[in-house]
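**Student:** Structure in structure tokens, see below.
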Amino acid sequence: LPNAATSNNHDIGFQLSKSPSLNSYFAKLSSILSTMSPPVSTAGPIAKKPRTTGTTKKNENDEIPVPEITQLDYVSLTSHADAFGVDPIPISWGHPDPLVRGPVICTVRHSSQRNAIGAHSGSYCIYTGLAVAAGKLNPDYVPNLKLTSPVFNIGPHKSWTDPKKIASIDPFGHIVTEAYAGYLDKGFDIRPTIAVTKAHIDLPETREAVKSGRLVPDGKILLPTGQSIVSKAAVEPVWYLPEIARRFGCTETVLRQSIFRMTNGMYPELITRPDIKIFLPPIGGLTIYIWGDPDTIPDDDIELTCRVHDECNGSDVFGSDICTCRPYLTHAIE
């Protein structure tokens, strides 16, 4: 085996005797390490080192860092806050300015700059892995979202600046292409966590209500055909862990350890990255259907009817009488 003292690339090799002892083993190791550069310190954890590459340079006008693209052929089991090269994009949760607040980056292309634990699409991220494994999806593929935008405005609202009111969604998740256009232009892979659009709802129960005269079409929200026009928002969960912990009456450390244990160690960064406060959990999202003008929702003078509905395949889709989910839903809509 090569001798470390004479090897140019500092390969470490040992030629152990027939009866090696641990003492001689570590003595040899210490001798080899002392010849290597840079010297190894045992005086505590390694301090976080500033990167010397050009990737940390910022444009003098926009203060947006240059994205670092992760090589996907390398697999890292976890990351650590003080590791060399780790430099997540800062998040100031609750700041009213989205640029100061910072974008939520939870894609696989920017491992060193990622500021969220987990993955987009909740439990459906597994299907992305299947598609890549089957060779049907290029792991380097980045969707072009620059031409997408919400079809109606939401906010900003005062509650967005209060970390104790916004804990499980990203209030800027629907305006990624607008608020973080500079990041996208530089090559960052940032995904929306809220999709805002409009839709038509066509329910037999609503048509029957129109026919019987219980509902009178206004031509704007409810059409003479019985169709209704709604505004729709699909929301992906984005958890701010300090506030989630406060609401559940525990410390953030206890929350992180509990999720880590109960998912069989699925997310080691909950333990190794206490500096990252954002978590995209592997759970389903929610969809909001709004009948009427969304701008009037904050108006205390306008009465609202709200139905929190847990989608039910048996009753909602197949009309099964095993439960009463659909009747409650259609009654609430009417």
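Ligands are numbered from 1 in the order shown, chains are lettered A, B, ... in the order of the structure tokens, and residues start at 1 in each chain.
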I'd like the neighbourhood of Ala233 of chain A as a PyMOL selection string, where a residue qualifies if any of its atoms comes within 6 Å (using only C-alpha atoms), though same-chain residues fewer than 6 positions away should be ignored.
**Tutor:** chain A and resi 195-196+287-288
**Student:** Give me, as a list in words, all polymer residues having an atom no more than 8 Å from Lys198 of chain A, counting only C-alpha atoms and skipping those fewer than 5 positions away in the same chain.
**Tutor:** Val151, Ile229, Val230, Ser231 and Lys232 of chain A
**Student:** Just the selected residues (all heavy atoms), exported as a PDB file, in the first residue's frame, please.
**Tutor:**
ATOM      1  N   VAL A 151     -55.145  34.133 -11.602  1.00  0.00           N
ATOM      2  CA  VAL A 151     -56.171  34.794 -12.404  1.00  0.00           C
ATOM      3  C   VAL A 151     -56.971  35.797 -11.584  1.00  0.00           C
ATOM      4  O   VAL A 151     -57.766  36.541 -12.133  1.00  0.00           O
ATOM      5  CB  VAL A 151     -57.120  33.772 -13.056  1.00  0.00           C
ATOM      6  CG1 VAL A 151     -56.353  32.853 -13.988  1.00  0.00           C
ATOM      7  CG2 VAL A 151     -57.841  32.964 -11.996  1.00  0.00           C
ATOM      8  N   ILE A 229     -70.008  29.663 -11.171  1.00  0.00           N
ATOM      9  CA  ILE A 229     -68.643  30.084 -11.466  1.00  0.00           C
ATOM     10  C   ILE A 229     -67.943  30.375 -10.141  1.00  0.00           C
ATOM     11  O   ILE A 229     -68.423  31.168  -9.332  1.00  0.00           O
ATOM     12  CB  ILE A 229     -68.633  31.328 -12.368  1.00  0.00           C
ATOM     13  CG1 ILE A 229     -69.349  31.019 -13.691  1.00  0.00           C
ATOM     14  CG2 ILE A 229     -67.206  31.793 -12.633  1.00  0.00           C
ATOM     15  CD1 ILE A 229     -69.500  32.216 -14.592  1.00  0.00           C
ATOM     16  N   VAL A 230     -66.814  29.724  -9.926  1.00  0.00           N
ATOM     17  CA  VAL A 230     -66.118  29.857  -8.652  1.00  0.00           C
ATOM     18  C   VAL A 230     -64.667  30.259  -8.886  1.00  0.00           C
ATOM     19  O   VAL A 230     -64.100  30.054  -9.967  1.00  0.00           O
ATOM     20  CB  VAL A 230     -66.144  28.529  -7.857  1.00  0.00           C
ATOM     21  CG1 VAL A 230     -67.570  28.109  -7.566  1.00  0.00           C
ATOM     22  CG2 VAL A 230     -65.396  27.424  -8.591  1.00  0.00           C
ATOM     23  N   SER A 231     -64.097  30.843  -7.860  1.00  0.00           N
ATOM     24  CA  SER A 231     -62.653  31.052  -7.798  1.00  0.00           C
ATOM     25  C   SER A 231     -62.064  29.905  -6.997  1.00  0.00           C
ATOM     26  O   SER A 231     -62.672  29.417  -6.043  1.00  0.00           O
ATOM     27  CB  SER A 231     -62.341  32.398  -7.121  1.00  0.00           C
ATOM     28  OG  SER A 231     -62.960  33.467  -7.816  1.00  0.00           O
ATOM     29  N   LYS A 232     -60.898  29.463  -7.395  1.00  0.00           N
ATOM     30  CA  LYS A 232     -60.337  28.246  -6.814  1.00  0.00           C
ATOM     31  C   LYS A 232     -58.874  28.451  -6.461  1.00  0.00           C
ATOM     32  O   LYS A 232     -58.114  29.064  -7.203  1.00  0.00           O
ATOM     33  CB  LYS A 232     -60.480  27.089  -7.812  1.00  0.00           C
ATOM     34  CG  LYS A 232     -59.855  25.778  -7.359  1.00  0.00           C
ATOM     35  CD  LYS A 232     -59.974  24.727  -8.454  1.00  0.00           C
ATOM     36  CE  LYS A 232     -59.260  23.444  -8.071  1.00  0.00           C
ATOM     37  NZ  LYS A 232     -59.314  22.432  -9.153  1.00  0.00           N
TER      38      LYS A 232
END
**Student:** Can you pull out every residue from segment 64-297 of chain A that DSSP, working from the backbone, puts in helix (DSSP H, G or I), and format the result as number ranges by chain?
**Tutor:** A: 98-101, 122-133, 158-161, 176-179, 181-186, 204-212, 241-247, 252-262, 269-272, 294-296
**Student:** Excluding same-chain residues fewer than 6 positions from Lys158 of chain A, what lies within 12 Å of it counting only C-alpha atoms, as a ChimeraX atom specification?
**Tutor:** /A:94-97,164-166,171,298
**Student:** Would you compute the distance between atom CA of Ser111 of chain A and atom CA of Thr70 of chain A? Give it in Å to one decimal.
**Tutor:**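 Separating atom CA of Ser111 of chain A from atom CA of Thr70 of chain A is a distance of 6.0 Å.
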**Student:** Take atom CA of Val66 of chain A and atom CA of Tyr267 of chain A and report the distance between them in Å, one decimal.
**Tutor:**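 According to the coordinates, atom CA of Val66 of chain A and atom CA of Tyr267 of chain A are separated by 27.1 Å.
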**Student:** Tell me, in Å to one decimal, how far atom CA of Ile91 of chain A is from atom CA of Thr197 of chain A.
**Tutor:** 27.2 Å
**Student:** Compile the contact shell of Pro103 of chain A as a PDB file with all heavy atoms, in the first residue's frame: residues with an atom at most 8 Å away, counting only C-alpha atoms, same-chain residues fewer than 6 positions apart removed.
**Tutor:**
ATOM      1  N   ILE A  89     -30.704  30.047   1.443  1.00  0.00           N
ATOM      2  CA  ILE A  89     -31.259  31.376   1.228  1.00  0.00           C
ATOM      3  C   ILE A  89     -32.023  31.779   2.496  1.00  0.00           C
ATOM      4  O   ILE A  89     -32.870  31.032   2.970  1.00  0.00           O
ATOM      5  CB  ILE A  89     -32.200  31.383   0.013  1.00  0.00           C
ATOM      6  CG1 ILE A  89     -31.450  30.945  -1.246  1.00  0.00           C
ATOM      7  CG2 ILE A  89     -32.821  32.759  -0.183  1.00  0.00           C
ATOM      8  CD1 ILE A  89     -30.304  31.844  -1.643  1.00  0.00           C
ATOM      9  N   ILE A  91     -34.596  33.107   5.268  1.00  0.00           N
ATOM     10  CA  ILE A  91     -36.047  33.261   5.360  1.00  0.00           C
ATOM     11  C   ILE A  91     -36.352  34.106   6.595  1.00  0.00           C
ATOM     12  O   ILE A  91     -35.923  33.779   7.696  1.00  0.00           O
ATOM     13  CB  ILE A  91     -36.759  31.904   5.487  1.00  0.00           C
ATOM     14  CG1 ILE A  91     -36.753  31.152   4.160  1.00  0.00           C
ATOM     15  CG2 ILE A  91     -38.190  32.087   5.968  1.00  0.00           C
ATOM     16  CD1 ILE A  91     -37.792  31.621   3.159  1.00  0.00           C
ATOM     17  N   VAL A 176     -45.116  33.497  -6.939  1.00  0.00           N
ATOM     18  CA  VAL A 176     -43.691  33.200  -7.069  1.00  0.00           C
ATOM     19  C   VAL A 176     -43.094  33.861  -8.303  1.00  0.00           C
ATOM     20  O   VAL A 176     -42.023  34.456  -8.258  1.00  0.00           O
ATOM     21  CB  VAL A 176     -43.479  31.674  -7.104  1.00  0.00           C
ATOM     22  CG1 VAL A 176     -42.088  31.330  -7.627  1.00  0.00           C
ATOM     23  CG2 VAL A 176     -43.666  31.079  -5.714  1.00  0.00           C
ATOM     24  N   TYR A 180     -40.587  36.697  -7.143  1.00  0.00           N
ATOM     25  CA  TYR A 180     -39.227  36.169  -7.213  1.00  0.00           C
ATOM     26  C   TYR A 180     -38.759  36.012  -8.652  1.00  0.00           C
ATOM     27  O   TYR A 180     -38.008  35.087  -8.977  1.00  0.00           O
ATOM     28  CB  TYR A 180     -39.154  34.835  -6.468  1.00  0.00           C
ATOM     29  CG  TYR A 180     -39.638  34.950  -5.038  1.00  0.00           C
ATOM     30  CD1 TYR A 180     -40.800  34.311  -4.614  1.00  0.00           C
ATOM     31  CD2 TYR A 180     -38.953  35.732  -4.117  1.00  0.00           C
ATOM     32  CE1 TYR A 180     -41.251  34.434  -3.313  1.00  0.00           C
ATOM     33  CE2 TYR A 180     -39.395  35.873  -2.816  1.00  0.00           C
ATOM     34  CZ  TYR A 180     -40.547  35.222  -2.417  1.00  0.00           C
ATOM     35  OH  TYR A 180     -40.996  35.360  -1.128  1.00  0.00           O
ATOM     36  N   ILE A 190     -37.652  27.468  -8.316  1.00  0.00           N
ATOM     37  CA  ILE A 190     -38.579  27.790  -7.232  1.00  0.00           C
ATOM     38  C   ILE A 190     -39.979  27.444  -7.706  1.00  0.00           C
ATOM     39  O   ILE A 190     -40.412  27.891  -8.767  1.00  0.00           O
ATOM     40  CB  ILE A 190     -38.498  29.280  -6.850  1.00  0.00           C
ATOM     41  CG1 ILE A 190     -37.057  29.654  -6.489  1.00  0.00           C
ATOM     42  CG2 ILE A 190     -39.431  29.591  -5.690  1.00  0.00           C
ATOM     43  CD1 ILE A 190     -36.856  31.145  -6.255  1.00  0.00           C
TER      44      ILE A 190
END
**Student:** From the set A:Ile117, A:His157, A:Pro224, A:Tyr183, which residue has the shortest atom-to-atom contact distance to Glu63 of chain A, counting only C-alpha atoms?
**Tutor:** A:Tyr183
**Student:** I'd like to know which of A:Gly292, A:Pro281, A:Gly155, A:Pro274 is closest to Ala81 of chain A, using only C-alpha atoms.
**Tutor:**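 Closest to Ala81 of chain A of all the choices is A:Pro274.
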**Student:** Find the residues around segment 244-255 of chain A up to 9 Å (only C-alpha atoms counted), leave out those fewer than 3 positions away in its own chain, and share them as number ranges by chain.
**Tutor:** A: 164, 167-168, 239-241, 258-260, 270-271, 274
